[in-house]
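Next up, input.tsv (TSV, C-alpha atoms):
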chain	number	residue	atom	x	y	z
A	226	MET	CA	0.00	0.00	0.00
A	227	GLY	CA	1.04	3.61	-0.25
A	228	GLY	CA	2.01	5.82	-3.15
A	229	LYS	CA	4.88	5.31	-5.53
A	230	GLY	CA	6.86	8.34	-6.67
A	231	PHE	CA	10.64	8.49	-7.20
A	232	LYS	CA	12.51	5.26	-7.69
A	233	LEU	CA	15.34	4.98	-5.19
A	234	THR	CA	17.77	4.42	-8.04
A	235	TYR	CA	18.16	8.20	-7.89
A	236	ARG	CA	20.83	9.56	-5.56
A	237	LEU	CA	19.90	11.71	-2.58
A	238	LYS	CA	21.60	14.80	-4.04
A	239	GLU	CA	19.69	14.40	-7.31
A	240	VAL	CA	16.37	14.24	-5.47
A	241	GLN	CA	17.33	17.24	-3.32
A	242	GLU	CA	18.22	19.28	-6.41
A	243	PHE	CA	14.92	18.42	-8.09
A	244	GLN	CA	13.05	19.42	-4.92
A	245	ARG	CA	15.07	22.63	-4.54
A	246	GLN	CA	14.17	23.72	-8.07
A	247	THR	CA	10.52	22.67	-7.68
A	248	TYR	CA	10.00	24.62	-4.45
A	249	ASN	CA	11.93	27.63	-5.69
A	250	ARG	CA	9.36	27.86	-8.50
A	251	SER	CA	6.50	27.35	-6.03
A	252	PHE	CA	7.55	30.32	-3.93
A	253	GLN	CA	8.25	32.73	-6.79
A	254	THR	CA	5.15	34.81	-6.07
A	255	GLY	CA	5.40	34.86	-2.26
A	256	PRO	CA	3.53	33.00	0.50
A	257	PHE	CA	0.73	30.64	-0.50
A	258	GLY	CA	-2.63	32.36	-0.29
A	259	GLY	CA	-6.32	31.48	-0.28
A	260	ALA	CA	-8.70	29.75	2.09
A	261	VAL	CA	-7.15	26.27	1.79
A	262	ALA	CA	-3.64	27.56	2.48
A	263	GLU	CA	-4.82	29.68	5.42
A	264	LEU	CA	-6.81	26.87	7.02
A	265	SER	CA	-3.99	24.40	6.41
A	266	CYS	CA	-1.63	26.62	8.39
A	267	GLN	CA	-4.17	27.21	11.15
A	268	THR	CA	-4.96	23.54	11.70
A	269	ARG	CA	-1.33	22.42	11.68
A	270	ALA	CA	-0.24	25.17	14.06
A	271	ALA	CA	-3.15	24.40	16.40
A	272	PHE	CA	-2.19	20.72	16.50
A	273	ALA	CA	1.45	21.57	17.26
A	274	LEU	CA	0.51	24.02	20.00
A	275	ARG	CA	-1.29	21.25	21.90
A	276	PHE	CA	2.19	19.99	22.83
A	277	ALA	CA	4.26	23.19	22.94
A	278	ARG	CA	5.38	24.90	26.14
A	279	PRO	CA	6.82	28.43	26.61
A	280	PHE	CA	10.29	27.10	27.48
A	281	PHE	CA	10.55	24.68	24.53
A	282	ARG	CA	13.21	24.72	21.82
A	283	VAL	CA	11.66	23.72	18.49
A	284	LEU	CA	13.07	22.58	15.16
A	285	ASP	CA	10.86	23.16	12.11
A	286	MET	CA	12.02	20.84	9.31
A	287	GLY	CA	10.79	22.05	5.93
A	288	CYS	CA	9.41	25.39	7.14
A	289	GLY	CA	8.32	26.68	3.71
A	290	ASP	CA	7.29	30.33	3.83
A	291	GLY	CA	7.43	30.37	7.64
A	292	THR	CA	3.73	31.01	8.24
A	293	ILE	CA	3.31	28.08	10.64
A	294	THR	CA	6.78	28.67	12.09
A	295	LYS	CA	5.80	32.16	13.20
A	296	LYS	CA	2.49	31.01	14.69
A	297	VAL	CA	4.31	28.42	16.82
A	298	ALA	CA	7.21	30.78	17.66
A	299	GLU	CA	4.83	33.10	19.49
A	300	HIS	CA	4.31	30.36	22.10
A	301	VAL	CA	7.79	28.84	22.59
A	302	ARG	CA	11.29	29.90	23.59
A	303	GLU	CA	12.94	29.64	20.16
A	304	ILE	CA	12.66	27.94	16.76
A	305	THR	CA	15.26	26.87	14.24
A	306	ALA	CA	13.57	26.59	10.83
A	307	LEU	CA	15.04	24.74	7.83
A	308	ASP	CA	14.10	24.58	4.18
A	309	ILE	CA	15.84	23.26	1.07
A	310	SER	CA	14.45	26.12	-1.04
A	311	GLU	CA	16.40	29.39	-1.09
A	312	LYS	CA	13.25	31.13	-2.32
A	313	ALA	CA	11.17	29.77	0.57
A	314	ILE	CA	13.69	31.09	3.10
A	315	GLU	CA	13.77	34.44	1.31
A	316	ILE	CA	9.96	34.65	1.55
A	317	ALA	CA	10.01	33.54	5.20
A	318	LEU	CA	12.54	36.24	6.09
A	319	ARG	CA	10.49	38.84	4.27
A	320	PHE	CA	6.99	37.97	5.51
A	321	ASN	CA	7.39	35.89	8.67
A	322	MET	CA	10.48	37.16	10.44
A	323	TYR	CA	10.26	36.95	14.23
A	324	PRO	CA	12.91	37.47	16.94
A	325	LYS	CA	12.65	33.87	18.19
A	326	ILE	CA	13.19	32.29	14.75
A	327	GLN	CA	16.43	31.39	13.01
A	328	TYR	CA	15.85	30.50	9.35
A	329	LEU	CA	18.41	28.26	7.60
A	330	ASN	CA	18.58	27.23	3.94
A	331	ILE	CA	19.63	23.59	4.32
A	332	PRO	CA	18.15	20.14	3.50
A	333	VAL	CA	16.81	18.30	6.53
A	334	GLU	CA	19.17	15.39	5.84
A	335	ASP	CA	22.24	17.66	6.12
A	336	TYR	CA	21.41	19.54	9.33
A	337	GLN	CA	23.73	19.00	12.30
A	338	PRO	CA	22.72	21.00	15.43
A	339	ASP	CA	24.75	21.28	18.60
A	340	LYS	CA	21.84	21.11	21.08
A	341	PRO	CA	18.73	18.90	21.38
A	342	PHE	CA	15.16	20.08	20.83
A	343	ASN	CA	11.93	19.52	22.74
A	344	ILE	CA	9.84	19.32	19.56
A	345	VAL	CA	10.59	18.66	15.91
A	346	LEU	CA	7.92	19.81	13.44
A	347	MET	CA	7.65	17.99	10.11
A	348	PHE	CA	4.72	19.56	8.26
A	349	GLU	CA	4.33	18.13	4.73
A	350	VAL	CA	7.86	16.74	4.83
A	351	VAL	CA	7.80	12.95	5.20
A	352	GLU	CA	6.27	12.40	1.75
A	353	HIS	CA	9.33	14.13	0.24
A	354	LEU	CA	12.01	12.15	2.10
A	355	TYR	CA	14.45	10.01	0.15
A	356	ASN	CA	15.18	7.80	3.18
A	357	PRO	CA	12.46	8.45	5.81
A	358	ALA	CA	13.73	5.83	8.27
A	359	ALA	CA	17.18	7.45	8.34
A	360	VAL	CA	15.63	10.90	8.86
A	361	PHE	CA	13.36	9.70	11.68
A	362	LYS	CA	16.33	8.07	13.40
A	363	LYS	CA	18.13	11.38	13.08
A	364	VAL	CA	15.09	13.20	14.47
A	365	TYR	CA	15.18	10.78	17.39
A	366	SER	CA	18.78	11.80	18.10
A	367	LEU	CA	17.91	15.52	17.81
A	368	LEU	CA	15.20	15.33	20.47
A	369	ASP	CA	15.83	15.48	24.18
A	370	LYS	CA	14.47	12.86	26.56
A	371	GLU	CA	10.74	12.39	25.90
A	372	GLY	CA	10.93	14.82	22.97
A	373	ILE	CA	8.07	14.89	20.47
A	374	VAL	CA	7.95	14.82	16.68
A	375	ILE	CA	4.83	16.37	15.15
A	376	ILE	CA	3.94	15.41	11.59
A	377	SER	CA	1.40	16.34	8.97
A	378	THR	CA	1.31	14.53	5.65
A	379	PRO	CA	-1.22	13.55	2.98
A	380	ASN	CA	-3.31	10.53	3.93
A	381	PHE	CA	-2.81	8.10	1.05
A	382	MET	CA	-6.20	6.45	1.69
A	383	ARG	CA	-8.14	9.71	1.83
A	384	LEU	CA	-11.77	9.82	0.76
A	385	THR	CA	-11.04	11.14	-2.72
A	386	ARG	CA	-8.64	8.26	-3.45
A	387	ARG	CA	-11.05	5.68	-2.02
A	388	ILE	CA	-13.67	6.98	-4.46
A	389	LYS	CA	-11.20	6.73	-7.35
A	390	LEU	CA	-10.45	3.12	-6.37
A	391	ALA	CA	-14.12	2.06	-6.41
A	392	PRO	CA	-14.45	-0.64	-9.15
A	393	GLY	CA	-16.64	1.30	-11.57
A	394	ILE	CA	-14.88	4.62	-11.18
A	395	ARG	CA	-11.46	2.97	-11.34
A	396	HIS	CA	-12.41	1.33	-14.65
A	397	ILE	CA	-13.64	4.63	-16.10
A	398	ARG	CA	-10.44	6.37	-15.04
A	399	LYS	CA	-8.37	3.58	-16.58
A	400	VAL	CA	-10.23	3.99	-19.90
A	401	LEU	CA	-9.54	7.73	-19.72
A	402	GLY	CA	-5.85	7.02	-19.09
A	403	LYS	CA	-5.93	8.26	-15.48
A	404	ASP	CA	-4.05	6.46	-12.71
A	405	SER	CA	-6.07	6.08	-9.49
A	406	TRP	CA	-2.85	5.50	-7.52
A	407	ARG	CA	-1.00	8.57	-8.83
A	408	ILE	CA	0.60	10.94	-6.33
A	409	ASN	CA	2.19	14.38	-6.74
A	410	ILE	CA	5.32	14.34	-8.85
A	411	ASP	CA	7.49	15.70	-6.02
A	412	HIS	CA	6.20	13.16	-3.50
A	413	ILE	CA	8.49	10.17	-3.14
A	414	LYS	CA	5.84	8.26	-1.19
A	415	GLU	CA	2.49	8.95	0.46
A	416	TYR	CA	1.57	6.92	3.55
A	417	THR	CA	-1.42	5.22	5.06
A	418	ARG	CA	-1.99	5.78	8.77
A	419	THR	CA	-0.82	2.23	9.49
A	420	GLU	CA	2.36	2.61	7.42
A	421	LEU	CA	3.37	5.84	9.12
A	422	LYS	CA	2.69	4.43	12.58
A	423	SER	CA	4.81	1.38	11.77
A	424	LEU	CA	7.67	3.54	10.48
A	425	LEU	CA	7.66	5.70	13.60
A	426	CYS	CA	7.56	2.70	15.92
A	427	GLN	CA	10.52	1.13	14.08
A	428	CYS	CA	12.48	4.34	14.70
A	429	GLY	CA	11.83	4.45	18.45
A	430	PHE	CA	8.65	6.54	18.74
A	431	LYS	CA	5.26	5.97	20.34
A	432	ILE	CA	2.14	7.62	18.90
A	433	ILE	CA	0.54	9.90	21.49
A	434	ALA	CA	-2.04	11.72	19.35
A	435	ARG	CA	-3.61	11.61	15.90
A	436	ALA	CA	-5.98	13.90	14.05
A	437	GLY	CA	-7.02	14.86	10.54
A	438	ALA	CA	-8.30	17.75	8.46
A	439	ILE	CA	-10.04	18.43	5.13
A	440	ILE	CA	-12.32	15.79	3.66
A	441	TRP	CA	-12.39	16.73	-0.06
A	442	THR	CA	-8.95	17.37	-1.52
A	443	ASP	CA	-9.60	17.30	-5.29
A	444	THR	CA	-10.17	20.64	-6.99
A	445	ILE	CA	-13.69	21.03	-8.36
A	446	GLY	CA	-14.64	24.52	-9.44
A	447	GLY	CA	-11.03	25.72	-9.48
A	448	ASN	CA	-9.93	28.62	-7.32
A	449	LEU	CA	-13.48	29.86	-6.83
A	450	LEU	CA	-14.33	27.05	-4.41
A	451	ARG	CA	-10.80	26.77	-3.00
A	452	ASN	CA	-10.96	30.41	-1.96
A	453	CYS	CA	-14.45	30.27	-0.44
A	454	MET	CA	-13.59	30.47	3.27
A	455	SER	CA	-16.96	29.32	4.63
A	456	LEU	CA	-17.05	26.29	2.32
A	457	GLN	CA	-13.43	25.33	3.04
A	458	ARG	CA	-13.90	25.77	6.78
A	459	LEU	CA	-16.71	23.20	6.57
A	460	ASN	CA	-14.48	21.01	4.41
A	461	PHE	CA	-11.68	21.09	7.01
A	462	ASN	CA	-14.06	20.54	9.93
A	463	ILE	CA	-15.63	17.46	8.35
A	464	GLY	CA	-12.13	16.07	7.84
A	465	SER	CA	-11.39	16.54	11.52
A	466	LEU	CA	-14.48	14.47	12.38
A	467	PHE	CA	-13.39	11.59	10.13
A	468	PRO	CA	-9.58	11.46	10.39
A	469	GLN	CA	-9.26	7.98	8.87
A	470	ILE	CA	-10.45	9.29	5.50
A	471	ALA	CA	-9.32	12.91	5.85
A	472	GLY	CA	-6.99	14.35	3.25
A	473	ALA	CA	-4.34	15.34	5.78
A	474	MET	CA	-3.27	13.27	8.75
A	475	PHE	CA	-1.59	14.70	11.85
A	476	ILE	CA	0.51	12.60	14.19
A	477	ALA	CA	2.38	13.39	17.40
A	478	ALA	CA	4.89	10.76	18.55
A	479	ARG	CA	7.14	10.71	21.61
A	480	LYS	CA	10.57	9.17	22.06
A	481	ILE	CA	10.58	5.94	24.05
Mind turning this structure into structure tokens?
Amino acid sequence: MGGKGFKLTYRLKEVQEFQRQTYNRSFQTGPFGGAVAELSCQTRAAFALRFARPFFRVLDMGCGDGTITKKVAEHVREITALDISEKAIEIALRFNMYPKIQYLNIPVEDYQPDKPFNIVLMFEVVEHLYNPAAVFKKVYSLLDKEGIVIISTPNFMRLTRRIKLAPGIRHIRKVLGKDSWRINIDHIKEYTRTELKSLLCQCGFKIIARAGAIIWTDTIGGNLLRNCMSLQRLNFNIGSLFPQIAGAMFIAARKI
């Protein structure tokens, strides 16, 4: 189960360079906007803040434009925020600078800090990792005793994919030349809830909380519906009620 993206015949540096170029293009026009982007940031920050404390040191792996980083930074002692994209860091420094944040342009695999963290944030990161087990083992070493990793990632078995996999619809899509198992081109792998739990447990973590958000992830109606705040708020809230089929899954896991 799970999505198939890059073949691991590629080298890590080749994947990193592809991702760097992809995200540099994504951030050309500034921070992501619209109702979906705003609610995505709100829900992820709210989940993280359930575990944050004012004295915590936090590492944000794959910080993007820094919107979530800044929301969390207002409630903790300090944050170190990493991103592989130079453009993302440029946007973060321009729009989401905050005294408690240090932004660094560096791939998560290459980061070597000198002090442990209380929390590591990995929002929309794990699906991009070339070797997720190696990164989670590194995260384990970066956390202090009983430290927590907080993850958000696409749920591979979200409602929209389950619909696409229904026998009749799957056949129609096949006739139309559409792949029901397809994932985003820059995603190396998308995970089911069971797969991600298993991976974390193998790397020394115990799940302490799970949640979800957004029930309908496919775009119907283009930007008109994606930018309708009232409709998207309902969309996100329904996802939180049914996390097993939500489009985004949130997991908090503690070192054991």
Surrounding residues of range 324-328 of chain A excluding itself and chain neighbours under 2 positions, 10 Å, all atoms listed in the file, as a PyMOL selection string:
chain A and resi 282-285+288+291+294-295+297-308+313-315+317-318+321-322+330-331
Dump as a Markdown table the rows for residues of range 249-355 of chain A within 12 Å of range 408-412 of chain A: closest atom pair and distance in Å with one decimal, only C-alpha atoms counted, ordered by chain and rising residue number.
| residue | atom | partner | partner_atom | distance |
| --- | --- | --- | --- | --- |
| A:Ser251 | CA | A:Asp411 | CA | 11.7 |
| A:Glu349 | CA | A:His412 | CA | 9.8 |
| A:Val350 | CA | A:His412 | CA | 9.2 |
| A:Val351 | CA | A:His412 | CA | 8.8 |
| A:Glu352 | CA | A:His412 | CA | 5.3 |
| A:His353 | CA | A:His412 | CA | 5.0 |
| A:Leu354 | CA | A:His412 | CA | 8.1 |
| A:Tyr355 | CA | A:His412 | CA | 9.6 |
Which protein, DNA or RNA residues have an atom at most 10 Å from (15.5, 8.0, 13.5), counting all atoms listed in the file? List them as number ranges by chain.
A: 357-367, 424-430, 480
For Ile373 in chain A, which residue out of A:Gln469, A:Lys431, A:Glu420, A:Glu311 is the nearest one, using all atoms listed in the file?
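So, comparing all the options, the nearest one is A:Lys431.
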Kindly compute an axis-aligned box around the listed atoms of range 393-408 of chain A, allowing 4 Å on each side, and express its centre and edge lengths in Å to one decimal as JSON.
{"center_x": -8.0, "center_y": 6.1, "center_z": -13.1, "size_x": 25.2, "size_y": 17.6, "size_z": 21.6}
Could you state the separation of CA of Thr417 in chain A and CA of Gly287 in chain A in Å, given to one decimal place?
20.8 Å
Using all atoms listed in the file, which residue out of A:Asp404, A:Glu415, A:Glu334, A:Asp339 lies closest to Leu237 in chain A?
A:Glu334
Just want the 8 Å neighbourhood of range 264-273 of chain A, counted on all atoms listed in the file, with same-chain residues fewer than 3 positions away dropped. Output as a PyMOL selection string.
chain A and resi 260-261+276-277+292-293+296-297+346+348+375+377+438+457-458+461+475
Just write the chosen residues, C-alpha atoms, as a short mmCIF file (atom, residue, chain, number, x, y, z; two decimals), in the coordinates of the input.
data_model
loop_
_atom_site.label_atom_id
_atom_site.label_comp_id
_atom_site.auth_asym_id
_atom_site.auth_seq_id
_atom_site.Cartn_x
_atom_site.Cartn_y
_atom_site.Cartn_z
CA ALA A 260 -8.70 29.75 2.09
CA VAL A 261 -7.15 26.27 1.79
CA PHE A 276 2.19 19.99 22.83
CA ALA A 277 4.26 23.19 22.94
CA THR A 292 3.73 31.01 8.24
CA ILE A 293 3.31 28.08 10.64
CA LYS A 296 2.49 31.01 14.69
CA VAL A 297 4.31 28.42 16.82
CA LEU A 346 7.92 19.81 13.44
CA PHE A 348 4.72 19.56 8.26
CA ILE A 375 4.83 16.37 15.15
CA SER A 377 1.40 16.34 8.97
CA ALA A 438 -8.30 17.75 8.46
CA GLN A 457 -13.43 25.33 3.04
CA ARG A 458 -13.90 25.77 6.78
CA PHE A 461 -11.68 21.09 7.01
CA PHE A 475 -1.59 14.70 11.85
#
Just to confirm, what's the straight-line distance from CA of Leu368 in chain A to CA of Asn356 in chain A in Å (one decimal)?
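Value for the CA of Leu368 in chain A-CA of Asn356 in chain A distance: 18.9 Å.
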Non-local contacts of range 432-435 of chain A (7 Å; all atoms listed in the file; under 4 positions in same chain excluded) as a PDB file with C-alpha atoms, in the frame of the given file:
ATOM      1  CA  PHE A 475      -1.590  14.700  11.850  1.00  0.00           C
ATOM      2  CA  ILE A 476       0.510  12.600  14.190  1.00  0.00           C
ATOM      3  CA  ALA A 477       2.380  13.390  17.400  1.00  0.00           C
ATOM      4  CA  ALA A 478       4.890  10.760  18.550  1.00  0.00           C
ATOM      5  CA  ARG A 479       7.140  10.710  21.610  1.00  0.00           C
TER       6      ARG A 479
END
CA of Tyr235 in chain A and CA of Thr419 in chain A are how many Å apart?
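So the answer is 26.4 Å.
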Using all atoms listed in the file, the residue out of A:Gln337, A:Gln244, A:Thr442, A:Asn460 with shortest distance to Phe381 in chain A is A:Thr442
From the set A:Arg407, A:Ile344, A:Tyr336, A:Asn380, which residue has the shortest atom-to-atom contact distance to Arg275 in chain A, counting all atoms listed in the file?
A:Ile344
Could I see range 293-324 of chain A restored to N, CA and C atoms, set down as an mmCIF file, in the coordinates of the input?
data_model
loop_
_atom_site.group_PDB
_atom_site.id
_atom_site.type_symbol
_atom_site.label_atom_id
_atom_site.label_comp_id
_atom_site.auth_asym_id
_atom_site.auth_seq_id
_atom_site.Cartn_x
_atom_site.Cartn_y
_atom_site.Cartn_z
ATOM 1 N N ILE A 293 3.567 28.903 9.456
ATOM 2 C CA ILE A 293 3.310 28.080 10.640
ATOM 3 C C ILE A 293 4.419 28.305 11.669
ATOM 4 N N THR A 294 5.641 28.439 11.194
ATOM 5 C CA THR A 294 6.780 28.670 12.090
ATOM 6 C C THR A 294 6.506 29.859 13.007
ATOM 7 N N LYS A 295 6.050 30.942 12.412
ATOM 8 C CA LYS A 295 5.800 32.160 13.200
ATOM 9 C C LYS A 295 4.672 31.953 14.189
ATOM 10 N N LYS A 296 3.611 31.253 13.780
ATOM 11 C CA LYS A 296 2.490 31.010 14.690
ATOM 12 C C LYS A 296 2.951 30.219 15.914
ATOM 13 N N VAL A 297 3.819 29.232 15.697
ATOM 14 C CA VAL A 297 4.310 28.420 16.820
ATOM 15 C C VAL A 297 5.325 29.219 17.642
ATOM 16 N N ALA A 298 6.162 30.013 16.973
ATOM 17 C CA ALA A 298 7.210 30.780 17.660
ATOM 18 C C ALA A 298 6.657 31.712 18.717
ATOM 19 N N GLU A 299 5.444 32.185 18.531
ATOM 20 C CA GLU A 299 4.830 33.100 19.490
ATOM 21 C C GLU A 299 4.548 32.433 20.836
ATOM 22 N N HIS A 300 4.675 31.093 20.891
ATOM 23 C CA HIS A 300 4.310 30.360 22.100
ATOM 24 C C HIS A 300 5.452 29.523 22.666
ATOM 25 N N VAL A 301 6.666 29.632 22.099
ATOM 26 C CA VAL A 301 7.790 28.840 22.590
ATOM 27 C C VAL A 301 9.012 29.739 22.784
ATOM 28 N N ARG A 302 10.082 29.127 23.302
ATOM 29 C CA ARG A 302 11.290 29.900 23.590
ATOM 30 C C ARG A 302 12.039 30.301 22.327
ATOM 31 N N GLU A 303 12.225 29.344 21.400
ATOM 32 C CA GLU A 303 12.940 29.640 20.160
ATOM 33 C C GLU A 303 12.668 28.538 19.132
ATOM 34 N N ILE A 304 12.832 28.904 17.850
ATOM 35 C CA ILE A 304 12.660 27.940 16.760
ATOM 36 C C ILE A 304 13.811 28.081 15.767
ATOM 37 N N THR A 305 14.364 26.945 15.381
ATOM 38 C CA THR A 305 15.260 26.870 14.240
ATOM 39 C C THR A 305 14.445 26.286 13.088
ATOM 40 N N ALA A 306 14.425 26.985 11.955
ATOM 41 C CA ALA A 306 13.570 26.590 10.830
ATOM 42 C C ALA A 306 14.417 26.340 9.593
ATOM 43 N N LEU A 307 14.252 25.142 8.993
ATOM 44 C CA LEU A 307 15.040 24.740 7.830
ATOM 45 C C LEU A 307 14.170 24.615 6.590
ATOM 46 N N ASP A 308 14.749 24.925 5.439
ATOM 47 C CA ASP A 308 14.100 24.580 4.180
ATOM 48 C C ASP A 308 15.145 24.456 3.086
ATOM 49 N N ILE A 309 14.913 23.516 2.177
ATOM 50 C CA ILE A 309 15.840 23.260 1.070
ATOM 51 C C ILE A 309 15.778 24.352 0.016
ATOM 52 N N SER A 310 14.666 25.098 -0.021
ATOM 53 C CA SER A 310 14.450 26.120 -1.040
ATOM 54 C C SER A 310 14.980 27.481 -0.597
ATOM 55 N N GLU A 311 15.902 28.040 -1.383
ATOM 56 C CA GLU A 311 16.400 29.390 -1.090
ATOM 57 C C GLU A 311 15.265 30.408 -1.165
ATOM 58 N N LYS A 312 14.360 30.191 -2.137
ATOM 59 C CA LYS A 312 13.250 31.130 -2.320
ATOM 60 C C LYS A 312 12.297 31.084 -1.132
ATOM 61 N N ALA A 313 12.045 29.885 -0.592
ATOM 62 C CA ALA A 313 11.170 29.770 0.570
ATOM 63 C C ALA A 313 11.745 30.525 1.764
ATOM 64 N N ILE A 314 13.059 30.384 1.988
ATOM 65 C CA ILE A 314 13.690 31.090 3.100
ATOM 66 C C ILE A 314 13.660 32.594 2.877
ATOM 67 N N GLU A 315 13.859 33.009 1.636
ATOM 68 C CA GLU A 315 13.770 34.440 1.310
ATOM 69 C C GLU A 315 12.381 34.984 1.638
ATOM 70 N N ILE A 316 11.338 34.235 1.267
ATOM 71 C CA ILE A 316 9.960 34.650 1.550
ATOM 72 C C ILE A 316 9.697 34.646 3.056
ATOM 73 N N ALA A 317 10.201 33.622 3.750
ATOM 74 C CA ALA A 317 10.010 33.540 5.200
ATOM 75 C C ALA A 317 10.649 34.738 5.901
ATOM 76 N N LEU A 318 11.851 35.095 5.486
ATOM 77 C CA LEU A 318 12.540 36.240 6.090
ATOM 78 C C LEU A 318 11.823 37.554 5.798
ATOM 79 N N ARG A 319 11.181 37.605 4.647
ATOM 80 C CA ARG A 319 10.490 38.840 4.270
ATOM 81 C C ARG A 319 9.130 38.987 4.943
ATOM 82 N N PHE A 320 8.369 37.874 5.037
ATOM 83 C CA PHE A 320 6.990 37.970 5.510
ATOM 84 C C PHE A 320 6.769 37.419 6.928
ATOM 85 N N ASN A 321 7.643 36.547 7.386
ATOM 86 C CA ASN A 321 7.390 35.890 8.670
ATOM 87 C C ASN A 321 8.615 35.901 9.596
ATOM 88 N N MET A 322 9.354 37.003 9.545
ATOM 89 C CA MET A 322 10.480 37.160 10.440
ATOM 90 C C MET A 322 9.958 37.384 11.865
ATOM 91 N N TYR A 323 10.675 36.838 12.824
ATOM 92 C CA TYR A 323 10.260 36.950 14.230
ATOM 93 C C TYR A 323 11.522 36.765 15.075
ATOM 94 N N PRO A 324 11.658 37.515 16.164
ATOM 95 C CA PRO A 324 12.910 37.470 16.940
ATOM 96 C C PRO A 324 13.306 36.074 17.428
#
